[in-house]
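Structure below is my_file-v6.cif: mmCIF, C-alpha atoms.
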```cif
data_my_file
#
loop_
_atom_site.label_atom_id
_atom_site.label_comp_id
_atom_site.auth_asym_id
_atom_site.auth_seq_id
_atom_site.Cartn_x
_atom_site.Cartn_y
_atom_site.Cartn_z
CA MET A 1 -76.28 -88.09 -37.78
CA LYS A 2 -75.54 -89.64 -41.17
CA PRO A 3 -73.31 -87.30 -43.16
CA SER A 4 -73.67 -86.86 -46.88
CA PHE A 5 -70.76 -86.10 -49.14
CA ILE A 6 -70.31 -84.13 -52.32
CA ILE A 7 -67.12 -84.81 -54.22
CA LEU A 8 -66.35 -82.41 -57.04
CA ILE A 9 -63.92 -83.84 -59.55
CA LEU A 10 -61.97 -81.36 -61.59
CA LEU A 11 -61.51 -83.46 -64.70
CA PHE A 12 -61.09 -82.05 -68.15
CA HIS A 13 -63.77 -83.43 -70.55
CA PHE A 14 -65.32 -86.85 -70.24
CA TYR A 15 -66.38 -86.99 -73.87
CA ASN A 16 -65.02 -85.92 -77.21
CA VAL A 17 -66.93 -82.96 -78.62
CA SER A 18 -67.25 -84.83 -81.91
CA GLY A 19 -69.01 -87.69 -80.15
CA GLN A 20 -66.23 -90.14 -80.97
CA ASP A 21 -65.08 -92.46 -78.18
CA LEU A 22 -61.58 -91.76 -76.94
CA ASP A 23 -59.04 -94.14 -75.47
CA ILE A 24 -59.88 -93.69 -71.79
CA LYS A 25 -57.40 -94.49 -69.05
CA THR A 26 -58.88 -94.93 -65.59
CA ILE A 27 -57.36 -94.66 -62.14
CA ALA A 28 -58.95 -97.15 -59.75
CA VAL A 29 -59.33 -95.49 -56.35
CA GLN A 30 -59.90 -97.26 -53.05
CA ALA A 31 -60.88 -94.66 -50.46
CA ARG A 32 -61.90 -94.38 -46.83
CA VAL A 33 -63.57 -91.66 -44.76
CA LEU A 34 -62.34 -91.37 -41.16
CA GLU A 35 -63.44 -89.07 -38.35
CA GLN A 36 -60.95 -87.58 -35.89
CA LEU A 37 -62.16 -87.81 -32.30
CA LYS A 38 -60.50 -86.54 -29.15
CA GLY A 39 -58.58 -89.72 -28.43
CA ASN A 40 -58.91 -91.85 -31.52
CA ILE A 41 -60.17 -92.15 -35.08
CA ARG A 42 -63.28 -93.95 -36.29
CA SER A 43 -64.69 -94.85 -39.68
CA VAL A 44 -67.64 -92.90 -41.05
CA ALA A 45 -69.97 -95.74 -42.00
CA ASN A 46 -72.92 -95.85 -44.42
CA ALA A 47 -72.26 -92.40 -45.83
CA LYS A 48 -73.90 -91.34 -49.08
CA LEU A 49 -71.49 -89.92 -51.64
CA HIS A 50 -72.13 -88.19 -54.91
CA MET A 51 -69.33 -87.77 -57.41
CA ILE A 52 -70.20 -85.31 -60.15
CA GLY A 53 -69.82 -86.91 -63.55
CA LEU A 54 -69.46 -90.38 -62.04
CA GLY A 55 -72.60 -91.01 -59.98
CA PRO A 56 -73.63 -91.81 -56.38
CA TYR A 57 -71.66 -94.01 -53.98
CA ASN A 58 -72.02 -95.26 -50.40
CA THR A 59 -69.37 -96.05 -47.81
CA ASP A 60 -69.55 -99.45 -46.18
CA GLU A 61 -69.49 -100.24 -42.46
CA GLU A 62 -65.76 -99.42 -42.37
CA GLY A 63 -66.15 -96.12 -44.19
CA ARG A 64 -64.72 -97.51 -47.44
CA PHE A 65 -65.80 -96.78 -50.99
CA ALA A 66 -64.30 -97.21 -54.45
CA PHE A 67 -64.53 -95.48 -57.80
CA GLU A 68 -62.75 -95.10 -61.10
CA ALA A 69 -61.50 -91.69 -62.25
CA PRO A 70 -61.30 -91.47 -66.04
CA MET A 71 -58.63 -89.52 -67.87
CA GLN A 72 -58.52 -89.00 -71.60
CA GLU A 73 -55.51 -89.43 -73.84
CA PHE A 74 -54.79 -85.71 -74.14
CA ASN A 75 -54.67 -85.35 -70.34
CA ARG A 76 -52.01 -88.03 -69.83
CA ASN A 77 -49.15 -85.57 -69.81
CA GLU A 78 -50.62 -84.15 -66.59
CA THR A 79 -48.78 -85.56 -63.57
CA HIS A 80 -51.82 -85.41 -61.29
CA LEU A 81 -55.59 -85.57 -61.52
CA VAL A 82 -57.27 -83.25 -59.03
CA LEU A 83 -60.23 -84.23 -56.86
CA GLU A 84 -61.99 -81.75 -54.61
CA VAL A 85 -63.79 -83.35 -51.67
CA LYS A 86 -66.53 -81.72 -49.63
CA VAL A 87 -68.20 -83.40 -46.66
CA GLN A 88 -71.51 -82.03 -45.50
CA GLY A 89 -71.63 -81.50 -41.75
CA TYR A 90 -67.89 -82.04 -41.35
CA ASP A 91 -64.68 -80.07 -41.74
CA ILE A 92 -61.90 -81.75 -43.68
CA VAL A 93 -58.55 -82.11 -41.94
CA LYS A 94 -56.81 -84.19 -44.63
CA PRO A 95 -56.22 -83.72 -47.51
CA TYR A 96 -55.30 -80.05 -47.33
CA LYS A 97 -58.33 -77.90 -48.26
CA GLY A 98 -60.09 -81.08 -49.29
CA ILE A 99 -58.10 -81.39 -52.51
CA VAL A 100 -56.79 -84.82 -53.50
CA GLN A 101 -54.16 -85.30 -56.17
CA LEU A 102 -54.07 -88.68 -57.91
CA ASP A 103 -50.77 -89.67 -59.48
CA THR A 104 -51.57 -90.30 -63.15
CA ALA A 105 -48.63 -92.69 -63.42
CA GLN A 106 -50.51 -95.09 -61.14
CA SER A 107 -53.44 -97.25 -62.18
CA LYS A 108 -54.47 -97.96 -58.57
CA VAL A 109 -54.52 -95.43 -55.74
CA TYR A 110 -55.57 -95.50 -52.08
CA MET A 111 -56.64 -92.32 -50.31
CA GLU A 112 -58.00 -91.35 -46.90
CA ILE A 113 -60.24 -88.43 -46.06
CA LEU A 114 -59.91 -87.32 -42.43
CA VAL A 115 -62.77 -85.20 -41.08
CA ILE A 116 -63.85 -83.66 -37.79
CA GLY A 117 -67.44 -83.37 -36.61
CA ARG A 118 -69.18 -80.64 -34.69
CA ASP A 119 -69.01 -82.57 -31.40
CA LEU A 120 -65.20 -82.62 -31.29
CA GLU A 121 -63.79 -81.01 -28.15
CA GLU A 122 -63.48 -77.26 -28.77
CA GLU A 123 -59.83 -77.02 -27.71
CA TYR A 124 -58.79 -79.76 -30.12
CA ARG A 125 -60.94 -78.31 -32.92
CA GLU A 126 -59.34 -74.88 -32.44
CA GLU A 127 -55.86 -76.39 -32.53
CA LEU A 128 -56.60 -77.96 -35.92
CA ALA A 129 -58.31 -74.78 -37.15
CA SER A 130 -55.28 -72.74 -36.10
CA LEU A 131 -53.04 -75.12 -38.03
CA ALA A 132 -55.22 -74.68 -41.13
CA ARG A 133 -54.96 -70.87 -40.85
CA LYS A 134 -51.18 -71.00 -40.56
CA LEU A 135 -50.93 -73.28 -43.58
CA LYS A 136 -53.11 -70.92 -45.59
CA ARG A 137 -50.79 -68.00 -44.75
CA THR A 138 -47.75 -70.09 -45.70
CA GLU A 139 -49.31 -71.09 -49.00
CA LYS A 140 -50.12 -67.46 -49.82
CA LYS A 141 -46.72 -66.12 -48.75
CA ASN A 142 -44.54 -68.76 -50.42
CA ALA A 143 -46.79 -69.99 -53.25
CA LEU A 144 -45.95 -73.56 -52.29
CA SER A 145 -47.33 -76.23 -54.61
CA LEU A 146 -50.41 -78.18 -53.59
CA ILE A 147 -48.32 -81.37 -53.34
CA ARG A 148 -46.04 -79.75 -50.77
CA MET A 149 -48.91 -78.14 -48.86
CA ASN A 150 -50.56 -81.56 -48.61
CA ALA A 151 -47.33 -83.16 -47.39
CA MET A 152 -46.78 -80.38 -44.85
CA ASN A 153 -50.38 -80.66 -43.66
CA ASP A 154 -50.08 -84.45 -43.26
CA SER A 155 -46.93 -84.14 -41.13
CA LEU A 156 -48.36 -81.41 -38.90
CA VAL A 157 -51.73 -83.14 -38.40
CA ALA A 158 -49.88 -86.34 -37.43
CA SER A 159 -47.88 -84.32 -34.91
CA VAL A 160 -51.03 -82.76 -33.44
CA GLN A 161 -52.60 -86.22 -33.15
CA GLN A 162 -49.56 -87.60 -31.35
CA ASN A 163 -49.45 -84.59 -29.02
CA GLU A 164 -53.12 -85.05 -28.17
CA LYS A 165 -52.49 -88.68 -27.20
CA GLN A 166 -49.74 -87.60 -24.79
CA LYS A 167 -51.96 -84.95 -23.22
CA ASN A 168 -54.89 -87.36 -22.90
CA LEU A 169 -52.79 -89.77 -20.85
CA LEU A 170 -52.20 -87.04 -18.27
CA ARG A 171 -55.84 -85.91 -18.40
CA VAL A 172 -56.96 -89.45 -17.59
CA GLU A 173 -54.52 -89.51 -14.68
CA ILE A 174 -55.85 -86.15 -13.44
CA THR A 175 -59.46 -87.36 -13.62
CA ALA A 176 -58.59 -90.44 -11.58
CA LEU A 177 -56.80 -88.36 -8.92
CA GLU A 178 -59.68 -85.86 -8.73
CA LYS A 179 -62.02 -88.78 -8.03
CA LYS A 180 -59.74 -90.03 -5.25
CA VAL A 181 -59.51 -86.56 -3.72
CA ALA A 182 -63.31 -86.40 -3.61
CA THR A 183 -63.91 -89.91 -2.21
CA GLU A 184 -60.93 -90.89 -0.06
CA ALA A 185 -60.83 -88.36 2.74
CA SER A 186 -58.22 -90.22 4.80
CA GLU A 187 -55.56 -89.80 2.14
CA LYS A 188 -56.88 -86.61 0.62
CA GLU A 189 -53.72 -84.61 1.29
CA LYS A 190 -51.55 -87.16 -0.51
CA PHE A 191 -53.85 -87.26 -3.53
CA VAL A 192 -54.10 -83.46 -3.67
CA GLU A 193 -50.31 -83.25 -3.84
CA SER A 194 -50.21 -85.85 -6.62
CA LEU A 195 -53.02 -84.06 -8.44
CA ASN A 196 -51.20 -80.72 -8.33
CA LYS A 197 -47.98 -82.31 -9.59
CA THR A 198 -49.81 -84.02 -12.45
CA LYS A 199 -51.56 -80.79 -13.44
CA LYS A 200 -48.19 -79.07 -13.45
CA ARG A 201 -46.80 -81.82 -15.70
CA LEU A 202 -49.71 -81.30 -18.07
CA ASP A 203 -49.09 -77.53 -18.19
CA GLU A 204 -45.39 -78.11 -18.87
CA LEU A 205 -46.20 -80.71 -21.53
CA GLU A 206 -48.62 -78.37 -23.30
CA ARG A 207 -46.03 -75.56 -23.38
CA SER A 208 -43.35 -77.97 -24.56
CA LEU A 209 -45.58 -79.39 -27.30
CA GLU A 210 -46.57 -75.92 -28.44
CA ARG A 211 -42.88 -75.00 -28.83
CA LYS A 212 -42.25 -78.30 -30.62
CA ASN A 213 -45.14 -77.67 -33.00
CA ASP A 214 -43.84 -74.18 -33.80
CA GLU A 215 -40.35 -75.55 -34.44
CA LEU A 216 -41.72 -78.35 -36.62
CA TYR A 217 -43.83 -75.88 -38.59
CA ILE A 218 -40.84 -73.62 -39.26
CA ALA A 219 -38.65 -76.59 -40.20
CA LEU A 220 -41.23 -78.02 -42.58
CA GLU A 221 -41.92 -74.63 -44.13
CA GLU A 222 -38.20 -74.18 -44.82
CA GLN A 223 -37.84 -77.75 -46.08
CA TYR A 224 -40.70 -77.56 -48.56
CA LEU A 225 -39.76 -74.06 -49.67
CA ARG A 226 -36.21 -75.29 -50.34
CA GLN A 227 -37.62 -78.32 -52.13
CA GLN A 228 -39.74 -76.11 -54.35
CA ASN A 229 -36.82 -73.82 -55.17
CA TYR A 230 -34.62 -76.79 -56.09
CA GLN A 231 -37.43 -78.36 -58.08
CA LYS A 232 -37.94 -75.15 -60.07
CA ALA A 233 -34.22 -74.83 -60.79
CA ILE A 234 -33.75 -78.47 -61.78
CA SER A 235 -36.93 -78.45 -63.83
CA ALA A 236 -36.01 -75.27 -65.73
CA ASP A 237 -32.48 -76.46 -66.49
CA LEU A 238 -33.43 -79.98 -67.58
CA LYS A 239 -36.30 -78.74 -69.74
CA ASP A 240 -33.99 -76.19 -71.36
CA TYR A 241 -31.40 -78.88 -71.94
CA LEU A 242 -33.96 -81.13 -73.63
CA LEU A 243 -35.13 -78.25 -75.80
CA TYR A 244 -31.64 -77.29 -76.98
CA THR A 245 -30.61 -80.93 -77.42
CA LYS A 246 -33.61 -81.50 -79.68
CA ASP A 247 -32.61 -78.37 -81.63
CA VAL A 248 -29.11 -79.79 -82.15
CA HIS A 249 -30.57 -83.18 -83.01
CA ASP A 250 -32.89 -81.70 -85.63
CA MET A 251 -30.09 -79.57 -87.03
CA LEU A 252 -27.92 -82.66 -87.60
CA GLN A 253 -30.59 -84.15 -89.81
CA HIS A 254 -30.30 -81.16 -92.17
CA LEU A 255 -26.57 -80.43 -92.01
CA ASP A 256 -26.30 -80.48 -95.83
CA ARG A 257 -27.93 -77.02 -95.75
CA TYR A 258 -24.72 -75.68 -94.17
CA PHE A 259 -22.99 -76.13 -97.52
CA LYS A 260 -25.80 -74.53 -99.60
CA PRO A 261 -25.64 -70.86 -98.57
CA GLY A 262 -27.40 -69.73 -101.70
CA LYS A 263 -30.48 -71.80 -100.92
CA TYR A 264 -30.25 -71.58 -97.10
CA PRO A 265 -28.59 -68.21 -96.33
CA ASN A 266 -29.42 -68.28 -92.61
CA TYR A 267 -28.41 -71.84 -91.84
CA VAL A 268 -24.80 -71.12 -90.82
CA THR A 269 -26.00 -68.54 -88.29
CA THR A 270 -28.66 -70.94 -87.05
CA TYR A 271 -26.07 -73.70 -86.69
CA ASN A 272 -23.68 -71.53 -84.67
CA ASN A 273 -26.46 -70.09 -82.47
CA THR A 274 -27.92 -73.54 -81.79
CA LEU A 275 -24.56 -74.94 -80.71
CA GLY A 276 -23.90 -71.85 -78.60
CA ALA A 277 -27.22 -72.21 -76.79
CA TYR A 278 -26.58 -75.92 -76.23
CA ASN A 279 -23.09 -75.31 -74.86
CA GLU A 280 -24.41 -72.67 -72.47
CA ILE A 281 -27.10 -74.89 -70.94
CA PHE A 282 -24.74 -77.87 -70.81
CA GLN A 283 -22.12 -75.88 -68.91
CA LYS A 284 -24.80 -74.72 -66.47
CA LEU A 285 -26.06 -78.26 -65.86
CA ASN A 286 -22.56 -79.67 -65.61
CA SER A 287 -21.61 -77.04 -63.02
CA ASN A 288 -24.81 -77.45 -60.96
CA TYR A 289 -25.11 -81.23 -61.11
CA LEU A 290 -23.49 -81.96 -57.73
CA ASN A 291 -25.46 -79.15 -56.07
CA TYR A 292 -28.67 -80.67 -57.39
CA VAL A 293 -27.76 -84.09 -55.99
CA LYS A 294 -26.81 -82.63 -52.60
CA GLY A 295 -29.95 -80.49 -52.47
CA VAL A 296 -32.27 -83.41 -53.18
CA GLU A 297 -30.34 -85.57 -50.73
CA ARG A 298 -30.65 -82.93 -48.00
CA TYR A 299 -34.20 -81.59 -48.43
CA TRP A 300 -36.06 -84.69 -49.61
CA LYS A 301 -34.19 -87.22 -47.47
CA ALA A 302 -35.21 -89.90 -49.98
CA PRO A 303 -32.31 -92.10 -51.19
CA LEU A 304 -34.32 -93.50 -54.11
CA LEU A 305 -35.09 -89.98 -55.36
CA THR A 306 -31.45 -88.95 -55.01
CA GLN A 307 -30.51 -92.01 -57.06
CA GLN A 308 -33.11 -91.01 -59.66
CA VAL A 309 -31.33 -87.63 -60.06
CA LYS A 310 -28.03 -89.46 -60.54
CA ASP A 311 -29.59 -91.86 -63.05
CA THR A 312 -31.04 -89.00 -65.10
CA PHE A 313 -27.72 -87.21 -65.25
CA GLU A 314 -25.98 -90.50 -66.07
CA ILE A 315 -28.09 -90.67 -69.25
CA LEU A 316 -27.42 -87.02 -69.98
CA LEU A 317 -23.67 -86.99 -69.33
CA ASP A 318 -22.37 -90.53 -69.81
CA GLN A 319 -24.72 -91.88 -72.47
CA LEU A 320 -25.66 -88.87 -74.56
CA HIS A 321 -23.29 -85.90 -74.27
CA HIS A 322 -19.80 -87.31 -73.79
CA PRO A 323 -19.89 -90.48 -75.94
CA LYS A 324 -22.28 -89.29 -78.68
CA LEU A 325 -23.10 -85.61 -79.07
CA LYS A 326 -19.78 -83.99 -78.16
CA PRO A 327 -17.50 -86.17 -80.35
CA ALA A 328 -19.97 -85.98 -83.26
CA ILE A 329 -20.04 -82.17 -83.16
CA GLN A 330 -16.26 -82.03 -82.86
CA GLU A 331 -15.86 -84.31 -85.90
CA ILE A 332 -18.49 -82.38 -87.88
CA ASN A 333 -16.85 -79.03 -87.11
CA GLY A 334 -13.46 -80.44 -88.10
CA ASN A 335 -14.87 -81.52 -91.45
CA ILE A 336 -16.60 -78.16 -91.90
CA ARG A 337 -13.28 -76.37 -91.41
CA LYS A 338 -11.73 -78.62 -94.07
CA ASN A 339 -14.78 -78.06 -96.30
CA LYS A 340 -15.48 -81.82 -96.38
CA SER A 341 -19.23 -81.50 -96.85
CA ARG A 342 -19.98 -85.13 -97.67
CA LYS A 343 -18.10 -86.50 -94.66
CA ALA A 344 -19.59 -83.88 -92.31
CA THR A 345 -23.10 -84.71 -93.52
CA LYS A 346 -22.51 -88.44 -93.12
CA VAL A 347 -21.28 -88.04 -89.53
CA ALA A 348 -24.28 -85.78 -88.78
CA HIS A 349 -26.78 -88.31 -90.12
CA GLU A 350 -25.18 -91.15 -88.15
CA ALA A 351 -25.20 -89.05 -84.98
CA PHE A 352 -28.85 -88.13 -85.58
CA HIS A 353 -29.88 -91.80 -85.59
CA ASP A 354 -27.57 -92.74 -82.70
CA MET A 355 -28.97 -89.98 -80.48
CA ASN A 356 -32.63 -90.58 -81.22
CA SER A 357 -33.34 -93.32 -78.66
CA LEU A 358 -31.09 -91.66 -76.06
CA ILE A 359 -33.04 -88.40 -76.25
CA ILE A 360 -36.31 -90.32 -75.87
CA ASN A 361 -34.93 -92.17 -72.81
CA LEU A 362 -33.61 -88.94 -71.32
CA GLU A 363 -36.96 -87.21 -71.76
CA LYS A 364 -38.77 -90.09 -70.05
CA SER A 365 -36.27 -90.03 -67.19
CA VAL A 366 -36.58 -86.25 -66.80
CA ASN A 367 -40.38 -86.43 -66.74
CA ARG A 368 -40.35 -89.20 -64.10
CA LEU A 369 -37.87 -87.26 -61.98
CA LEU A 370 -39.76 -83.96 -62.15
CA ASN A 371 -42.98 -85.78 -61.33
CA LYS A 372 -41.40 -87.20 -58.17
CA LEU A 373 -39.84 -83.88 -57.17
#
```

Step by step, read the file and then write its structure as structure tokens.
Amino acid sequence: MKPSFIILILLFHFYNVSGQDLDIKTIAVQARVLEQLKGNIRSVANAKLHMIGLGPYNTDEEGRFAFEAPMQEFNRNETHLVLEVKVQGYDIVKPYKGIVQLDTAQSKVYMEILVIGRDLEEEYREELASLARKLKRTEKKNALSLIRMNAMNDSLVASVQQNEKQKNLLRVEITALEKKVATEASEKEKFVESLNKTKKRLDELERSLERKNDELYIALEEQYLRQQNYQKAISADLKDYLLYTKDVHDMLQHLDRYFKPGKYPNYVTTYNNTLGAYNEIFQKLNSNYLNYVKGVERYWKAPLLTQQVKDTFEILLDQLHHPKLKPAIQEINGNIRKNKSRKATKVAHEAFHDMNSLIINLEKSVNRLLNKL
């Protein structure tokens, strides 16, 4: 049977409502459709694909196909472009729920779609279906992000595949012994004993693998839930820091208003409140920094990502706050207390220009980090 595919792409708008052409960025995707069998995986060749908004495609003899996913300028702040894949006559095993996420920071992406057909052995099909049901409950209970659900699904499907290979080795051995029991009467007793022992090994292996799968599921659920909690905390704090830093930065540009209470009666209050909010978020980040590093180190187990956290905080602490923002504010406040308006304004303007590129670099670093987390 030749399967047909419908791929629904959840893009925003392909065309400007005014009819004007926009600067379109495309993500070049190389993809492959694979079918999970009992003992191995095979390509789904010569499949017809239809991608809504993009047109029809066919897989080649190795199940490969390629397309370009367009993304307009106003979508480029999105970290991922979402593709929903449906395969007629097949159930999708990977990606989770058939939803692909393309990293918008990449111009070229490779993806695999793993499917199972109706002729897959019922026991194996049920094992994968049971896994899908458990993942659905986890997603609902913990509201895990799609990225983490996909990662969890990939790990668990890989484990199920490896377990099936181990069980198949014993099944092959059992089949061979059953044949010998039926054909070699002279040594039947010996083969029956071997057959019974091998069946017992298979039973023990299945129980052991079931326990291992349960333990892996629990461990992954905890890991990705911890990841998400850390990601939310780091994201909220860094975004707040950027917001309040930009407020301070903007305020420095207009510090002369501090000395014109008649024209700007609320500026002194705004100045004090802005610095207070900045100090509060800085103290929070400064106190939590090491916990963030340890959390990423422990729950992501990715040295490069841990280093990315350190690099982001290096910009924040050692390039922006300590050498630039903090001494500038201290000098400005000292001049304010001495009523030296001209000197305070000069220091503020110099600090404004000095901090500009650092804030831009910090924002880029924060966005890259949060995208990876």

Would you compute the distance between atom CA of Ile336 of chain A and atom CA of Tyr258 of chain A? Give it in Å to one decimal. 8.8 Å

Would you tabulate, counting all atoms listed in the file, all residues of segment 290-343 of chain A that have an atom at most 12 Å from an atom of segment 215-236 of chain A, showing the closest pair of atoms and their distance in Å to one decimal, sorted by chain then ascending number, as a Markdown table?
```
| residue | atom | partner | partner_atom | distance |
| --- | --- | --- | --- | --- |
| A:Leu290 | CA | A:Ile234 | CA | 11.6 |
| A:Asn291 | CA | A:Tyr230 | CA | 9.5 |
| A:Tyr292 | CA | A:Ile234 | CA | 7.1 |
| A:Val293 | CA | A:Tyr230 | CA | 10.0 |
| A:Lys294 | CA | A:Tyr230 | CA | 10.4 |
| A:Gly295 | CA | A:Tyr230 | CA | 7.0 |
| A:Val296 | CA | A:Gln227 | CA | 7.5 |
| A:Glu297 | CA | A:Gln227 | CA | 10.4 |
| A:Arg298 | CA | A:Gln223 | CA | 9.1 |
| A:Tyr299 | CA | A:Gln223 | CA | 5.8 |
| A:Trp300 | CA | A:Gln227 | CA | 7.0 |
| A:Lys301 | CA | A:Gln223 | CA | 10.2 |
| A:Val309 | CA | A:Ile234 | CA | 9.6 |
| A:Thr312 | CA | A:Ile234 | CA | 11.4 |
| A:Phe313 | CA | A:Ile234 | CA | 11.2 |
```

Go ahead and save the picked residues with C-alpha atoms, as a PDB file, keeping the file's coordinate frame.
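What ended up in again_23.pdb:
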```pdb
ATOM      1  CA  LEU A 290     -23.490 -81.960 -57.730  1.00  0.00           C
ATOM      2  CA  ASN A 291     -25.460 -79.150 -56.070  1.00  0.00           C
ATOM      3  CA  TYR A 292     -28.670 -80.670 -57.390  1.00  0.00           C
ATOM      4  CA  VAL A 293     -27.760 -84.090 -55.990  1.00  0.00           C
ATOM      5  CA  LYS A 294     -26.810 -82.630 -52.600  1.00  0.00           C
ATOM      6  CA  GLY A 295     -29.950 -80.490 -52.470  1.00  0.00           C
ATOM      7  CA  VAL A 296     -32.270 -83.410 -53.180  1.00  0.00           C
ATOM      8  CA  GLU A 297     -30.340 -85.570 -50.730  1.00  0.00           C
ATOM      9  CA  ARG A 298     -30.650 -82.930 -48.000  1.00  0.00           C
ATOM     10  CA  TYR A 299     -34.200 -81.590 -48.430  1.00  0.00           C
ATOM     11  CA  TRP A 300     -36.060 -84.690 -49.610  1.00  0.00           C
ATOM     12  CA  LYS A 301     -34.190 -87.220 -47.470  1.00  0.00           C
ATOM     13  CA  VAL A 309     -31.330 -87.630 -60.060  1.00  0.00           C
ATOM     14  CA  THR A 312     -31.040 -89.000 -65.100  1.00  0.00           C
ATOM     15  CA  PHE A 313     -27.720 -87.210 -65.250  1.00  0.00           C
TER      16      PHE A 313
END
```

Can you give me, as a count of residues only, the residues this file yields under the PyMOL selection byres ((chain A and resi 132) around 10)? 18

Would you translate the PyMOL selection byres ((chain A and resi 194) around 12) into the concrete set of residues it matches in this file, as a ChimeraX atom specification? /A:170,173-178,180-181,187-193,195-201

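Closest to Thr79 of chain A among A:Ile116, A:Ile147, A:Arg125, A:Glu314 is A:Ile147, based on all atoms listed in the file.
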
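You can rank A:Asp250, A:Glu84, A:Glu204, A:Glu35 by their closest distance to Ala351 of chain A using all atoms listed in the file, and at the top of that list sits A:Asp250.
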
Which residues would end up in the selection if the PyMOL selection byres ((chain A and resi 343-346) around 9) were applied here, given that I need the answer as an mmCIF file with C-alpha atoms, keeping the file's coordinate frame?
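Produced file result.cif, reproduced below:
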```
data_model
loop_
_atom_site.group_PDB
_atom_site.id
_atom_site.type_symbol
_atom_site.label_atom_id
_atom_site.label_comp_id
_atom_site.auth_asym_id
_atom_site.auth_seq_id
_atom_site.Cartn_x
_atom_site.Cartn_y
_atom_site.Cartn_z
ATOM 1 C CA LEU A 252 -27.920 -82.660 -87.600
ATOM 2 C CA GLN A 253 -30.590 -84.150 -89.810
ATOM 3 C CA HIS A 254 -30.300 -81.160 -92.170
ATOM 4 C CA LEU A 255 -26.570 -80.430 -92.010
ATOM 5 C CA ASP A 256 -26.300 -80.480 -95.830
ATOM 6 C CA GLU A 331 -15.860 -84.310 -85.900
ATOM 7 C CA ILE A 332 -18.490 -82.380 -87.880
ATOM 8 C CA ASN A 333 -16.850 -79.030 -87.110
ATOM 9 C CA GLY A 334 -13.460 -80.440 -88.100
ATOM 10 C CA ASN A 335 -14.870 -81.520 -91.450
ATOM 11 C CA ILE A 336 -16.600 -78.160 -91.900
ATOM 12 C CA ASN A 339 -14.780 -78.060 -96.300
ATOM 13 C CA LYS A 340 -15.480 -81.820 -96.380
ATOM 14 C CA SER A 341 -19.230 -81.500 -96.850
ATOM 15 C CA ARG A 342 -19.980 -85.130 -97.670
ATOM 16 C CA VAL A 347 -21.280 -88.040 -89.530
ATOM 17 C CA ALA A 348 -24.280 -85.780 -88.780
ATOM 18 C CA HIS A 349 -26.780 -88.310 -90.120
ATOM 19 C CA GLU A 350 -25.180 -91.150 -88.150
ATOM 20 C CA ALA A 351 -25.200 -89.050 -84.980
#
```
